[in-house]
Amino acid sequence: MAQIPFVHLRTFSAYTILDGAMEPAVIGAAAKERGFPAVALCDRIGLFASMAFDDGCRAQGVQPITGCFLRVARPAGADPAKPVLDWLALYAQDAQGYENLCKLVSASHLDRPSELEAHVGMDLLGDYSAGLIALTGGGEGALARLIAEEQQSEAEAYLSLLQQHFPGRLYIELSRRVDPVELAAETGLITLAIDRDIPLVATNPSCFSEPDFHEAHDAMKCIAQSAYVENDDREKPSKHLWMKSALVMEELFSDIPEALQNTLVVAQRCAFSPPKRDPILPSLAGDLAGEIDQLRRDALAGLEKRLALLDVSDQAERKVYFDRLDFELDVIVSMGFPGYFLIVADFIKWAKGQDIPVGPGRGSGAGSVVAWALTITDLDPIKLGLLFERFLNPERVSMPDFDIDFCETRRGEVIRYVQEKYGHRQVAQIITFGKLKARAVLRDVGRVLQMPYGQVDRLTKLIPNHPTDPWDLKRSLNGISELAQEYKQADVKRLFDLAMKLEGLPRHSSTHAAGVVIGDRPLDQLVPLYRDPRSDLPVTQFDMKFVEKAGLVKFDFLGLKTLSVLKKAVELLAERSIKVDLDGLGWEDEKVFELLQRGDTVGVFQLESEGMRRTLAAVKPTNFGDIIALVSLYRPGPMDNIPLFGDRKNGRAEIAYPHPLLQDILKETYGIFVYQEQVMQAAQIIAGYSLGEADLLRRAMGKKIQAEMDAQRDIFVAGAAQNGLNNAQANELFDLMINLLAMASTRVTPPLMRCSPIKPRG
């Protein structure tokens, strides 16, 4: 490291929203390009990007330094209602320092009046200073500002407090960006450093990697401030906010080389990464052994109740259910997830006990007999042919994930129950970030450039808006001839050039529509937290991907309007002395199928679009399986099979199977692969895969990674040979399955089943 005399300690990522302009991975790449052995992330009042930054740096062979730029209230004579807020840079040296940084960042958002900006007090800073290195914040820090204002005694008193909180871990920061405060304070800062024997450190706060990004950064700041680029009375950002090379920094600080060398010292003292943890959950039974015992007891008792309601008394039929239950329990226990099932079952049982409508289950979780026995779902996976391995695969360890629908109007009650049960500081929602997408960024940049609204609106509407195939600005310029012509005009070129530099960066934060995490301890011991002004729940600063890497488990609390509508409909019917039991609805009501065959389905969830109504009228479903299949087929790609499905169903075309051995699994869909589960079962039947191995095959086909595909092809061909298929036949079937899987859906619960818990016919 000694050969490189400088490390950037004050880098802002794009998650200092509408200020920083570098994606976390870009910071590591830029540091490597410039030859820096390390680089620090120091976003304002947030650790949003810290795990992504850590991964990005390590991928480049650059040491990441986890830090944060935090607002701190001045202690002396401050009015608590109107505190003077300054900035301080903090960096984690070790695990304790990282935990303290999470606590401070979380407290800055959660433990202050909502009308004040996020900050912490000096006392709290002292309580959680262990394991942290502090920089005085340059021209934005209290020390420099007090000196610049010629308040020498106050500056010295403030510095004494910092020395008390960070003994041997405090650095006086110098930046040279032609900033008035920095210029006025520099001599005084150096004098204090010498007098107090505090090391100096040189920084250049960086928001973007190259100097030519300044104009785009200026436009970004205008977006944040709702200002115009041409306004002279606005705050304009410095042109020096780029990641300067070591050579440039050496020239800037040639008179104080030790300030550069000390950046290396800080880097060496902060060789720590945010921890990645195994799943952490609260326990409802004391310990893992207790959870295992409780899960087995509850599941066995629950299955007995289910089978009694269905009047299943035949011993051979009962054995199928109990064998499947034992298999699933063994997998759940071996993977360490009994606590997850108990937690989900607990809040679902509570919701049902409060007469809050709960969906019967959907997604891969509906394939679990254990979930059915615990009343997490209300779908019999044996009757429906649903596979547990789609949910939990012992050969591919991943967290279980139930998609749970609650009545939209009462979903909040369930979340509040969870808060009360586990603790308000142990439950949080998950953050998401809105991005500057192609159309939005063009409108934003056009506004701050004060271009005519009509012109920008016309240009924006030329950008294709396909949800499944989004076009970025570069692709649009290359693919839309009218845009290419417009781009030749100077004002349009400027608009697009600036917008393309900002495209894809975060624009705002919000909360995940359904995701909630539950911890076994206050969450700020594990992750940094944030306050969403629209919610009374804390929000994790890590998004869904990284919150799980940090050890937290996501629970989906989905709000479904249809459940609210159904409940209201039942109540209105009851007022007319018409009693409807949604749990007892059958699957063979002829009048219902007559209605479906007419396409008279306005207001029926997922069956109400004009295209779906035409499809129902053409195919004329006669059983519930037809409805499941049509919902699965009605989406881009698979819908090409709908005419053939209808023709085969109604006898207009012969039913044919890719191989005679596949007849049993494809007869319900008239010889057509509709579900991914059918592909898995085909691999099991044709090539001898276990269902766990078949799930790996399904995933490999879906990801289309050639090396994985080639390996799976060899396994499939070898297995198929045991059933008499030659290499050509096996390869042909494998290719067919790849193509079909690209269009096949997961066997989802159909719309009527999503709307109301329907008991399968026994």
# chains A, B, ... in the order shown; residues from 1 in each chain; ligands from 1
$ residues_around --residues "A:Arg410" --least-positions-apart "6" --cutoff "9 Å" --atoms "only C-alpha atoms" --output "ChimeraX atom specification"
/A:356-357,559,564
$ write_last_selection --atoms "C-alpha atoms" --output "mmCIF file, in the first residue's frame"
data_model
loop_
_atom_site.group_PDB
_atom_site.id
_atom_site.type_symbol
_atom_site.label_atom_id
_atom_site.label_comp_id
_atom_site.auth_asym_id
_atom_site.auth_seq_id
_atom_site.Cartn_x
_atom_site.Cartn_y
_atom_site.Cartn_z
ATOM 1 C CA ILE A 356 -59.600 -10.978 8.763
ATOM 2 C CA PRO A 357 -59.876 -12.603 5.319
ATOM 3 C CA GLY A 559 -52.958 -6.653 0.589
ATOM 4 C CA SER A 564 -62.046 -7.142 0.913
#
$ closest_atom_pairs --of "stretch 67-141 of chain A" --to "stretch 163-167 of chain A" --cutoff "12 Å" --atoms "only C-alpha atoms" --output "tab-separated table"
residue	atom	partner	partner_atom	distance
A:Leu90	CA	A:Phe166	CA	10.3
A:Tyr91	CA	A:Phe166	CA	11.5
A:Gly97	CA	A:Phe166	CA	11.6
A:Met122	CA	A:His165	CA	9.1
A:Asp123	CA	A:His165	CA	9.2
A:Leu124	CA	A:His165	CA	10.2
A:Leu125	CA	A:His165	CA	7.6
A:Gly126	CA	A:His165	CA	5.1
A:Asp127	CA	A:His165	CA	8.2
A:Tyr128	CA	A:His165	CA	8.9
A:Ser129	CA	A:His165	CA	6.2
A:Ala130	CA	A:Phe166	CA	7.6
A:Gly131	CA	A:Phe166	CA	9.0
A:Leu132	CA	A:Phe166	CA	7.5
A:Ile133	CA	A:Phe166	CA	6.9
A:Ala134	CA	A:Phe166	CA	6.9
A:Leu135	CA	A:Phe166	CA	9.9
A:Thr136	CA	A:Gln163	CA	10.6
$ write_last_selection --atoms "C-alpha atoms" --output "compact mmCIF listing (two decimals), in the first residue's frame"
# COMPACT_ATOMS: atom_id res chain seq x y z
CA LEU A 90 -17.50 7.92 10.73
CA TYR A 91 -15.89 4.63 9.68
CA GLY A 97 -17.89 -0.24 15.26
CA MET A 122 -23.37 14.53 20.83
CA ASP A 123 -24.25 12.44 23.91
CA LEU A 124 -25.56 9.57 21.78
CA LEU A 125 -22.49 9.85 19.58
CA GLY A 126 -20.35 9.35 22.68
CA ASP A 127 -22.40 6.35 23.81
CA TYR A 128 -21.81 4.53 20.53
CA SER A 129 -18.35 5.70 19.48
CA ALA A 130 -16.45 2.49 20.23
CA GLY A 131 -14.94 0.85 17.17
CA LEU A 132 -15.39 3.97 15.05
CA ILE A 133 -12.87 6.31 13.46
CA ALA A 134 -14.00 9.92 13.02
CA LEU A 135 -13.04 12.64 10.54
CA THR A 136 -14.05 16.18 11.42
$ select_by_dssp --residues "stretch 421-642 of chain A" --states "alpha helix (DSSP H)" --output "ChimeraX atom specification"
/A:421-422,438-448,453-461,473-479,481-486,490-502,544-549,561-575,590-597,610-619,624-633,642
$ residues_around --residues "A:Ala259" --least-positions-apart "4" --cutoff "6 Å" --atoms "only C-alpha atoms" --output "number ranges by chain"
A: 200-202
$ residues_around --residues "stretch 413-415 of chain A" --least-positions-apart "3" --cutoff "8 Å" --atoms "only C-alpha atoms" --output "PDB file with C-alpha atoms, in the first residue's frame"
ATOM      1  CA  PHE A 347     -49.945 -14.690  12.537  1.00  0.00           C
ATOM      2  CA  TRP A 350     -54.417 -14.836  14.616  1.00  0.00           C
ATOM      3  CA  ALA A 351     -55.747 -13.083  11.500  1.00  0.00           C
ATOM      4  CA  ARG A 410     -57.185  -4.942   7.465  1.00  0.00           C
ATOM      5  CA  VAL A 418     -46.610  -8.931  14.740  1.00  0.00           C
ATOM      6  CA  GLN A 419     -45.142  -5.685  16.095  1.00  0.00           C
ATOM      7  CA  PHE A 557     -47.950  -9.440   3.896  1.00  0.00           C
TER       8      PHE A 557
END
$ residues_around --residues "stretch 230-235 of chain A" --least-positions-apart "3" --cutoff "9 Å" --atoms "only C-alpha atoms" --output "PDB file with C-alpha atoms, in the first residue's frame"
ATOM      1  CA  LYS A 221     -28.965  18.710  -8.009  1.00  0.00           C
ATOM      2  CA  CYS A 222     -31.572  20.876  -9.733  1.00  0.00           C
ATOM      3  CA  GLN A 225     -33.959  21.150  -5.389  1.00  0.00           C
ATOM      4  CA  ALA A 227     -34.679  24.402  -9.399  1.00  0.00           C
ATOM      5  CA  VAL A 448     -34.640  21.691 -15.122  1.00  0.00           C
ATOM      6  CA  LEU A 449     -33.361  22.805 -18.549  1.00  0.00           C
ATOM      7  CA  GLN A 450     -36.646  24.724 -18.972  1.00  0.00           C
TER       8      GLN A 450
END
$ select_by_dssp --residues "stretch 520-661 of chain A" --states "strand (DSSP E or B)" --output "ChimeraX atom specification"
/A:529-531,538-540,552,554-560
$ residues_around --residues "stretch 531-545 of chain A" --least-positions-apart "6" --cutoff "10 Å" --atoms "only C-alpha atoms" --output "ChimeraX atom specification"
/A:46-52,102,105-111,114,118,415-416,419,424-433,509-512,515-517,523-524,552-554
$ closest_residue --among "A:Ala700, A:Leu104, A:Ile27, A:Ala73" --to "A:Gln525" --atoms "only C-alpha atoms"
A:Leu104
